[in-house]
Structures are given as structure tokens and as C-alpha cells.
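File shown: input-v3.cif. Contents: mmCIF, N, CA and C atoms.
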```
data_structure
#
loop_
_atom_site.label_atom_id
_atom_site.label_comp_id
_atom_site.auth_asym_id
_atom_site.auth_seq_id
_atom_site.Cartn_x
_atom_site.Cartn_y
_atom_site.Cartn_z
N MET A 15 0.82 -1.21 0.00
CA MET A 15 0.00 0.00 0.00
C MET A 15 0.85 1.26 0.00
N LYS A 16 2.03 1.20 0.65
CA LYS A 16 2.91 2.36 0.68
C LYS A 16 3.39 2.73 -0.71
N LEU A 17 3.69 1.75 -1.54
CA LEU A 17 4.17 2.01 -2.89
C LEU A 17 3.12 2.75 -3.70
N ASN A 18 1.89 2.34 -3.63
CA ASN A 18 0.82 3.01 -4.38
C ASN A 18 0.64 4.44 -3.90
N PHE A 19 0.70 4.66 -2.58
CA PHE A 19 0.57 6.02 -2.05
C PHE A 19 1.74 6.88 -2.50
N SER A 20 2.93 6.32 -2.53
CA SER A 20 4.12 7.06 -2.96
C SER A 20 4.01 7.47 -4.43
N ILE A 21 3.54 6.54 -5.24
CA ILE A 21 3.38 6.84 -6.66
C ILE A 21 2.29 7.89 -6.86
N LEU A 22 1.20 7.77 -6.15
CA LEU A 22 0.11 8.74 -6.24
C LEU A 22 0.59 10.12 -5.77
N PHE A 23 1.33 10.16 -4.68
CA PHE A 23 1.85 11.43 -4.16
C PHE A 23 2.81 12.06 -5.17
N ALA A 24 3.70 11.26 -5.74
CA ALA A 24 4.66 11.77 -6.72
C ALA A 24 3.93 12.31 -7.95
N PHE A 25 2.93 11.59 -8.42
CA PHE A 25 2.15 12.04 -9.56
C PHE A 25 1.45 13.37 -9.26
N ALA A 26 0.83 13.46 -8.11
CA ALA A 26 0.13 14.69 -7.70
C ALA A 26 1.11 15.86 -7.61
N PHE A 27 2.28 15.60 -7.04
CA PHE A 27 3.29 16.65 -6.92
C PHE A 27 3.73 17.13 -8.30
N LEU A 28 3.99 16.22 -9.22
CA LEU A 28 4.40 16.60 -10.57
C LEU A 28 3.29 17.35 -11.30
N LEU A 29 2.07 16.96 -11.09
CA LEU A 29 0.94 17.64 -11.71
C LEU A 29 0.84 19.08 -11.21
N VAL A 30 0.93 19.27 -9.90
CA VAL A 30 0.87 20.61 -9.32
C VAL A 30 2.06 21.45 -9.80
N LEU A 31 3.23 20.86 -9.85
CA LEU A 31 4.42 21.56 -10.31
C LEU A 31 4.26 21.99 -11.77
N SER A 32 3.76 21.10 -12.61
CA SER A 32 3.55 21.41 -14.03
C SER A 32 2.55 22.55 -14.21
N ILE A 33 1.46 22.50 -13.49
CA ILE A 33 0.45 23.55 -13.58
C ILE A 33 1.02 24.88 -13.12
N THR A 34 1.81 24.85 -12.08
CA THR A 34 2.43 26.07 -11.57
C THR A 34 3.38 26.68 -12.60
N ILE A 35 4.20 25.85 -13.22
CA ILE A 35 5.15 26.34 -14.22
C ILE A 35 4.41 26.93 -15.41
N VAL A 36 3.40 26.24 -15.89
CA VAL A 36 2.64 26.73 -17.05
C VAL A 36 1.92 28.03 -16.71
N SER A 37 1.36 28.12 -15.52
CA SER A 37 0.61 29.32 -15.16
C SER A 37 1.53 30.51 -14.89
N CYS A 38 2.81 30.26 -14.70
CA CYS A 38 3.76 31.34 -14.46
C CYS A 38 4.24 32.00 -15.74
N GLN A 39 3.94 31.41 -16.89
CA GLN A 39 4.35 32.03 -18.14
C GLN A 39 3.57 33.33 -18.33
N ASN A 40 4.28 34.36 -18.73
CA ASN A 40 3.58 35.62 -18.96
C ASN A 40 2.91 35.59 -20.34
N GLU A 41 2.09 36.57 -20.57
CA GLU A 41 1.31 36.62 -21.81
C GLU A 41 2.21 36.69 -23.04
N GLN A 42 3.33 37.43 -22.96
CA GLN A 42 4.25 37.52 -24.09
C GLN A 42 4.86 36.17 -24.42
N SER A 43 5.20 35.42 -23.42
CA SER A 43 5.79 34.10 -23.62
C SER A 43 4.78 33.17 -24.29
N VAL A 44 3.55 33.22 -23.86
CA VAL A 44 2.50 32.39 -24.46
C VAL A 44 2.29 32.80 -25.91
N GLU A 45 2.25 34.10 -26.18
CA GLU A 45 2.06 34.60 -27.55
C GLU A 45 3.23 34.19 -28.44
N PHE A 46 4.46 34.32 -27.94
CA PHE A 46 5.63 33.90 -28.70
C PHE A 46 5.53 32.42 -29.04
N ASN A 47 5.21 31.60 -28.07
CA ASN A 47 5.13 30.15 -28.30
C ASN A 47 4.06 29.81 -29.34
N ARG A 48 2.96 30.55 -29.30
CA ARG A 48 1.88 30.32 -30.28
C ARG A 48 2.35 30.69 -31.69
N TYR A 49 2.93 31.89 -31.83
CA TYR A 49 3.44 32.33 -33.14
C TYR A 49 4.50 31.36 -33.65
N TYR A 50 5.42 30.97 -32.79
CA TYR A 50 6.53 30.11 -33.18
C TYR A 50 6.03 28.74 -33.66
N SER A 51 5.15 28.13 -32.91
CA SER A 51 4.68 26.79 -33.28
C SER A 51 3.84 26.83 -34.56
N LEU A 52 2.99 27.83 -34.71
CA LEU A 52 2.20 27.95 -35.94
C LEU A 52 3.11 28.33 -37.12
N GLY A 53 4.13 29.13 -36.85
CA GLY A 53 5.09 29.50 -37.88
C GLY A 53 5.88 28.31 -38.40
N SER A 54 6.12 27.35 -37.54
CA SER A 54 6.80 26.12 -37.95
C SER A 54 5.99 25.39 -39.03
N VAL A 55 4.69 25.37 -38.86
CA VAL A 55 3.81 24.71 -39.83
C VAL A 55 3.82 25.49 -41.15
N VAL A 56 3.75 26.81 -41.08
CA VAL A 56 3.80 27.64 -42.29
C VAL A 56 5.13 27.41 -43.01
N TYR A 57 6.23 27.38 -42.25
CA TYR A 57 7.55 27.15 -42.84
C TYR A 57 7.60 25.80 -43.55
N GLN A 58 7.13 24.76 -42.89
CA GLN A 58 7.17 23.43 -43.49
C GLN A 58 6.35 23.38 -44.77
N THR A 59 5.25 24.10 -44.80
CA THR A 59 4.35 24.08 -45.95
C THR A 59 4.85 24.93 -47.11
N HIS A 60 5.41 26.11 -46.81
CA HIS A 60 5.70 27.08 -47.87
C HIS A 60 7.19 27.36 -48.11
N CYS A 61 8.06 27.03 -47.18
CA CYS A 61 9.46 27.47 -47.28
C CYS A 61 10.48 26.33 -47.28
N GLN A 62 10.18 25.30 -46.55
CA GLN A 62 11.15 24.23 -46.31
C GLN A 62 11.62 23.55 -47.59
N ASN A 63 10.76 23.44 -48.57
CA ASN A 63 11.12 22.76 -49.81
C ASN A 63 12.34 23.40 -50.47
N CYS A 64 12.46 24.71 -50.39
CA CYS A 64 13.61 25.41 -50.99
C CYS A 64 14.70 25.70 -49.97
N HIS A 65 14.34 26.23 -48.82
CA HIS A 65 15.33 26.67 -47.84
C HIS A 65 15.84 25.56 -46.93
N GLY A 66 15.21 24.40 -46.98
CA GLY A 66 15.69 23.25 -46.24
C GLY A 66 15.11 23.13 -44.85
N LYS A 67 15.15 21.92 -44.33
CA LYS A 67 14.60 21.64 -43.00
C LYS A 67 15.26 22.47 -41.91
N ASN A 68 16.57 22.71 -42.07
CA ASN A 68 17.33 23.45 -41.07
C ASN A 68 17.70 24.85 -41.54
N GLY A 69 17.01 25.36 -42.56
CA GLY A 69 17.27 26.71 -43.06
C GLY A 69 18.60 26.85 -43.76
N GLU A 70 19.18 25.73 -44.21
CA GLU A 70 20.52 25.74 -44.78
C GLU A 70 20.59 26.23 -46.22
N GLY A 71 19.46 26.36 -46.88
CA GLY A 71 19.45 26.78 -48.28
C GLY A 71 19.94 25.67 -49.18
N LEU A 72 20.34 26.03 -50.39
CA LEU A 72 20.81 25.04 -51.35
C LEU A 72 22.02 25.59 -52.09
N GLN A 73 23.21 25.21 -51.60
CA GLN A 73 24.48 25.60 -52.21
C GLN A 73 24.45 27.06 -52.65
N GLY A 74 24.77 27.33 -53.91
CA GLY A 74 24.79 28.70 -54.42
C GLY A 74 23.48 29.12 -55.04
N LEU A 75 22.44 28.31 -54.90
CA LEU A 75 21.17 28.61 -55.56
C LEU A 75 20.16 29.30 -54.65
N ILE A 76 20.00 28.78 -53.45
CA ILE A 76 18.99 29.30 -52.53
C ILE A 76 19.68 29.69 -51.23
N PRO A 77 19.53 30.94 -50.82
CA PRO A 77 20.25 31.41 -49.64
C PRO A 77 19.78 30.75 -48.35
N PRO A 78 20.70 30.63 -47.40
CA PRO A 78 20.33 30.07 -46.10
C PRO A 78 19.56 31.10 -45.28
N LEU A 79 18.86 30.61 -44.29
CA LEU A 79 18.14 31.48 -43.35
C LEU A 79 18.84 31.49 -42.00
N THR A 80 20.12 31.17 -42.02
CA THR A 80 20.90 31.05 -40.79
C THR A 80 21.72 32.29 -40.47
N ASP A 81 21.66 33.31 -41.31
CA ASP A 81 22.47 34.51 -41.10
C ASP A 81 21.68 35.54 -40.30
N SER A 82 21.90 35.54 -39.00
CA SER A 82 21.19 36.45 -38.09
C SER A 82 21.44 37.91 -38.45
N VAL A 83 22.64 38.23 -38.92
CA VAL A 83 22.97 39.61 -39.27
C VAL A 83 22.10 40.08 -40.43
N TYR A 84 22.00 39.27 -41.47
CA TYR A 84 21.16 39.63 -42.61
C TYR A 84 19.71 39.82 -42.17
N LEU A 85 19.20 38.87 -41.39
CA LEU A 85 17.81 38.95 -40.95
C LEU A 85 17.58 40.21 -40.12
N LYS A 86 18.50 40.53 -39.23
CA LYS A 86 18.36 41.72 -38.38
C LYS A 86 18.44 43.00 -39.21
N ASN A 87 19.39 43.06 -40.13
CA ASN A 87 19.56 44.26 -40.96
C ASN A 87 18.42 44.49 -41.93
N ASN A 88 17.66 43.46 -42.22
CA ASN A 88 16.57 43.55 -43.20
C ASN A 88 15.21 43.23 -42.59
N GLU A 89 15.10 43.31 -41.26
CA GLU A 89 13.88 42.88 -40.59
C GLU A 89 12.63 43.57 -41.08
N ASN A 90 12.72 44.82 -41.51
CA ASN A 90 11.53 45.54 -41.97
C ASN A 90 11.15 45.21 -43.41
N GLN A 91 12.00 44.45 -44.10
CA GLN A 91 11.73 44.06 -45.49
C GLN A 91 11.37 42.58 -45.63
N LEU A 92 11.51 41.82 -44.55
CA LEU A 92 11.31 40.37 -44.66
C LEU A 92 9.88 40.00 -45.07
N ALA A 93 8.89 40.65 -44.49
CA ALA A 93 7.50 40.35 -44.85
C ALA A 93 7.25 40.66 -46.33
N CYS A 94 7.81 41.77 -46.80
CA CYS A 94 7.66 42.14 -48.21
C CYS A 94 8.33 41.12 -49.12
N SER A 95 9.51 40.66 -48.71
CA SER A 95 10.25 39.68 -49.51
C SER A 95 9.47 38.39 -49.67
N ILE A 96 8.83 37.96 -48.60
CA ILE A 96 8.05 36.72 -48.67
C ILE A 96 6.78 36.94 -49.49
N LYS A 97 6.06 38.00 -49.20
CA LYS A 97 4.77 38.24 -49.84
C LYS A 97 4.90 38.52 -51.33
N TYR A 98 5.89 39.35 -51.71
CA TYR A 98 6.00 39.78 -53.10
C TYR A 98 7.17 39.14 -53.84
N GLY A 99 7.95 38.33 -53.16
CA GLY A 99 9.07 37.65 -53.79
C GLY A 99 10.31 38.52 -53.87
N LEU A 100 11.38 37.92 -54.31
CA LEU A 100 12.67 38.62 -54.48
C LEU A 100 13.23 38.27 -55.85
N LYS A 101 13.94 39.23 -56.43
CA LYS A 101 14.58 39.02 -57.72
C LYS A 101 15.91 39.75 -57.70
N GLY A 102 16.93 39.14 -58.26
CA GLY A 102 18.22 39.79 -58.34
C GLY A 102 19.25 39.16 -57.43
N GLN A 103 20.30 39.94 -57.16
CA GLN A 103 21.43 39.42 -56.40
C GLN A 103 21.32 39.77 -54.92
N LEU A 104 21.64 38.79 -54.08
CA LEU A 104 21.69 38.97 -52.63
C LEU A 104 23.05 38.51 -52.13
N SER A 105 23.53 39.16 -51.10
CA SER A 105 24.74 38.71 -50.43
C SER A 105 24.35 38.32 -49.01
N ILE A 106 24.49 37.03 -48.72
CA ILE A 106 24.10 36.51 -47.42
C ILE A 106 25.21 35.60 -46.91
N ALA A 107 25.63 35.87 -45.69
CA ALA A 107 26.68 35.06 -45.05
C ALA A 107 27.94 35.01 -45.91
N GLY A 108 28.26 36.14 -46.55
CA GLY A 108 29.48 36.23 -47.34
C GLY A 108 29.42 35.55 -48.69
N ARG A 109 28.25 35.08 -49.09
CA ARG A 109 28.09 34.44 -50.39
C ARG A 109 27.05 35.19 -51.22
N SER A 110 27.22 35.15 -52.52
CA SER A 110 26.27 35.82 -53.42
C SER A 110 25.28 34.81 -53.97
N PHE A 111 24.05 35.26 -54.06
CA PHE A 111 22.97 34.45 -54.62
C PHE A 111 22.24 35.30 -55.63
N GLU A 112 21.95 34.73 -56.78
CA GLU A 112 21.18 35.45 -57.78
C GLU A 112 20.11 34.52 -58.30
N GLY A 113 18.92 35.03 -58.33
CA GLY A 113 17.81 34.23 -58.80
C GLY A 113 16.51 34.91 -58.43
N GLU A 114 15.50 34.11 -58.30
CA GLU A 114 14.19 34.65 -57.99
C GLU A 114 13.49 33.78 -56.96
N MET A 115 12.98 34.42 -55.92
CA MET A 115 12.12 33.74 -54.97
C MET A 115 10.69 34.16 -55.32
N PRO A 116 9.83 33.20 -55.61
CA PRO A 116 8.48 33.56 -56.02
C PRO A 116 7.68 34.20 -54.88
N ALA A 117 6.71 35.00 -55.28
CA ALA A 117 5.79 35.59 -54.30
C ALA A 117 5.03 34.48 -53.59
N ASN A 118 4.67 34.74 -52.37
CA ASN A 118 3.95 33.77 -51.56
C ASN A 118 2.82 34.53 -50.89
N ASP A 119 1.64 34.43 -51.42
CA ASP A 119 0.52 35.26 -50.98
C ASP A 119 -0.05 34.79 -49.64
N LEU A 120 0.79 34.89 -48.61
CA LEU A 120 0.35 34.52 -47.26
C LEU A 120 -0.38 35.68 -46.60
N ALA A 121 -1.31 35.37 -45.74
CA ALA A 121 -1.99 36.39 -44.95
C ALA A 121 -0.98 37.01 -43.98
N PRO A 122 -1.19 38.27 -43.59
CA PRO A 122 -0.27 38.92 -42.66
C PRO A 122 -0.01 38.12 -41.38
N VAL A 123 -1.01 37.47 -40.83
CA VAL A 123 -0.80 36.69 -39.61
C VAL A 123 0.12 35.50 -39.89
N ASP A 124 -0.01 34.88 -41.06
CA ASP A 124 0.88 33.78 -41.43
C ASP A 124 2.31 34.28 -41.61
N LEU A 125 2.45 35.46 -42.19
CA LEU A 125 3.78 36.07 -42.33
C LEU A 125 4.40 36.32 -40.96
N ALA A 126 3.62 36.84 -40.03
CA ALA A 126 4.13 37.10 -38.69
C ALA A 126 4.58 35.80 -38.03
N GLN A 127 3.80 34.76 -38.20
CA GLN A 127 4.13 33.48 -37.58
C GLN A 127 5.38 32.88 -38.20
N VAL A 128 5.48 32.86 -39.52
CA VAL A 128 6.65 32.25 -40.14
C VAL A 128 7.90 33.09 -39.88
N LEU A 129 7.76 34.40 -39.82
CA LEU A 129 8.92 35.23 -39.50
C LEU A 129 9.36 35.03 -38.05
N THR A 130 8.42 34.84 -37.15
CA THR A 130 8.79 34.53 -35.77
C THR A 130 9.55 33.21 -35.73
N TYR A 131 9.08 32.24 -36.49
CA TYR A 131 9.76 30.94 -36.53
C TYR A 131 11.17 31.07 -37.11
N VAL A 132 11.28 31.68 -38.28
CA VAL A 132 12.58 31.78 -38.96
C VAL A 132 13.57 32.61 -38.14
N THR A 133 13.13 33.72 -37.59
CA THR A 133 14.05 34.60 -36.87
C THR A 133 14.37 34.09 -35.46
N ASN A 134 13.82 32.94 -35.11
CA ASN A 134 14.13 32.31 -33.82
C ASN A 134 14.54 30.85 -33.97
N SER A 135 14.87 30.46 -35.18
CA SER A 135 15.34 29.11 -35.48
C SER A 135 16.67 29.21 -36.20
N PHE A 136 17.29 28.07 -36.42
CA PHE A 136 18.52 28.00 -37.22
C PHE A 136 19.64 28.86 -36.64
N GLY A 137 19.66 29.01 -35.33
CA GLY A 137 20.69 29.81 -34.66
C GLY A 137 20.29 31.27 -34.48
N ASN A 138 19.12 31.65 -34.91
CA ASN A 138 18.64 33.02 -34.77
C ASN A 138 17.83 33.16 -33.49
N LYS A 139 17.88 34.33 -32.87
CA LYS A 139 17.12 34.60 -31.65
C LYS A 139 16.68 36.07 -31.67
N ALA A 140 15.58 36.36 -32.34
CA ALA A 140 15.16 37.75 -32.51
C ALA A 140 13.87 38.11 -31.76
N GLY A 141 13.19 37.16 -31.17
CA GLY A 141 11.93 37.47 -30.50
C GLY A 141 10.76 37.43 -31.46
N ILE A 142 9.62 37.81 -30.95
CA ILE A 142 8.38 37.72 -31.72
C ILE A 142 8.31 38.79 -32.81
N VAL A 143 7.79 38.41 -33.95
CA VAL A 143 7.42 39.34 -35.02
C VAL A 143 5.91 39.30 -35.02
N ASP A 144 5.28 40.34 -34.51
CA ASP A 144 3.83 40.28 -34.35
C ASP A 144 3.08 40.82 -35.56
N LEU A 145 1.80 40.59 -35.56
CA LEU A 145 0.93 40.98 -36.67
C LEU A 145 1.00 42.48 -36.94
N THR A 146 1.02 43.28 -35.91
CA THR A 146 1.07 44.74 -36.08
C THR A 146 2.33 45.17 -36.82
N GLN A 147 3.46 44.56 -36.47
CA GLN A 147 4.72 44.89 -37.14
C GLN A 147 4.67 44.49 -38.61
N VAL A 148 4.16 43.31 -38.90
CA VAL A 148 4.07 42.84 -40.29
C VAL A 148 3.16 43.75 -41.10
N GLN A 149 2.02 44.12 -40.55
CA GLN A 149 1.11 45.01 -41.27
C GLN A 149 1.77 46.36 -41.57
N ALA A 150 2.50 46.88 -40.62
CA ALA A 150 3.23 48.15 -40.84
C ALA A 150 4.30 47.98 -41.90
N ASP A 151 5.05 46.88 -41.83
CA ASP A 151 6.10 46.64 -42.82
C ASP A 151 5.52 46.49 -44.22
N LEU A 152 4.37 45.84 -44.34
CA LEU A 152 3.75 45.65 -45.65
C LEU A 152 3.30 46.96 -46.29
N THR A 153 2.98 47.95 -45.48
CA THR A 153 2.58 49.25 -46.04
C THR A 153 3.77 50.00 -46.63
N ARG A 154 4.99 49.58 -46.26
CA ARG A 154 6.20 50.26 -46.72
C ARG A 154 6.98 49.45 -47.76
N CYS A 155 6.38 48.45 -48.34
CA CYS A 155 7.10 47.63 -49.33
C CYS A 155 7.52 48.49 -50.51
N LYS A 156 8.73 48.24 -50.98
CA LYS A 156 9.28 49.00 -52.13
C LYS A 156 9.01 48.27 -53.41
#
```
Using C-alpha cells, write down the structure that the file contains.
Amino acid sequence: MKLNFSILFAFAFLLVLSITIVSCQNEQSVEFNRYYSLGSVVYQTHCQNCHGKNGEGLQGLIPPLTDSVYLKNNENQLACSIKYGLKGQLSIAGRSFEGEMPANDLAPVDLAQVLTYVTNSFGNKAGIVDLTQVQADLTRCK
């Protein structure tokens, strides 16, 4: 009987501990996790085929998504690049890429989610890219 009580007590303790940890997450953390996980699905559906499972790109043809400096320096253009595509030469991670990335008519919320995923994966750590930021960036597309 002691063994069953010990197991029950341990289970109850772990349950209470888990609930406490989850309830201690602030709203921003919950929002980030939601954007990131949904962005992973958008990435797998729309981006992974070209940019690779780990954002590594494809040799000299498709640029990697692992260059945090490029992503940071171009953060206000990323939504535009995805939505309207890219054409011409890019220099990323010290390598040149020339070609065309087709437009991807994603909704602004999908753009925010995939950008949160990309800018926080593959060695990148940029925080959340929220819907408001994406909508503002889209109004300034060149």
C-alpha cells in the first residue's frame, strides 16, 4: 500500500508543479510560443522545400536562413520579400545568390508566424514578429 501512495503522491506533486510552471508564463511568452509553433507549420508548408529543413538553403542557388545579421539588418523588409518575392542578387553570409524567390501570398498573420519561426530558429534569436509589425512593414514595401 505504501508504494501506491508514494506513486500517487509523486504524480500529484508533478501535476501541481507542471500547472504552476505553465501558469507562471507571462502573456508575451505564451504569444511567442503560439506564433513560433504555428510559424513552424507555415515554414514546413511554404518554405522548407527550398530553404531546407534546417534553413541551410541550397548551395549557391537558394540562400540560407541562418544569417542572423542579414535577418536583423533587413527585418523591416522580410514580410515584403516573402509576400512579393525577391529578384536579383543577394549577399548573405558572405556568399552571393542570384535568382528569384516567387511571391507567396500569405496572410499577414501567417507572415508574422513564419517570421517569428525563422528569426528564432537556425541559430537566430530575434523574439516575436507580431501581426502589427508585419502590417506596418507591408505598407512600406518597395
A:Ile106, A:Ala121, A:Leu79, A:Ala140 ranked by distance to Gln62 (chain A), top pick (using only C-alpha atoms) | A:Leu79
Please provide the set of residues having any atom within 10 Å of Cys94 (chain A), restricted to only C-alpha atoms, with same-chain residues fewer than 2 positions apart removed, written as a list in words.
->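 Within the cut-off, the hits are Glu89, Asn90, Gln91, Leu92, Ile96, Lys97, Tyr98, Gly99, Leu100, Ala117, Asn118, Leu125, Val148, Gln149, Asp151, Leu152, Thr153, Arg154, Cys155 and Lys156 of chain A.
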Would you kindly return, as a list in words, each protein, DNA or RNA residue with an atom no farther than 7 Å from any atom of Tyr131 (chain A), considering only N, CA and C atoms and excluding same-chain residues fewer than 3 positions away?
->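 After dropping sequence-adjacent residues, the list is Tyr49, Tyr50, Ser51, Gly53, Ser54, Ala126, Gln127, Val128, Asn134, Ser135, Phe136 and Val143 of chain A.
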Of A:Pro77, A:Gly108, A:Lys67, A:Tyr57, the one nearest to Leu120 (chain A) when counting only C-alpha atoms is A:Tyr57
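We find CA of Asp124 (chain A) and CA of Val56 (chain A) to be spaced 6.9 Å apart.
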From A:Ser110, A:Gln103, A:Gln58, A:Asn87, residue lying nearest Gln73 (chain A) [only C-alpha atoms] = A:Ser110
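Straight-line separation from CA of Asp144 (chain A) to CA of Glu41 (chain A): 13.3 Å.
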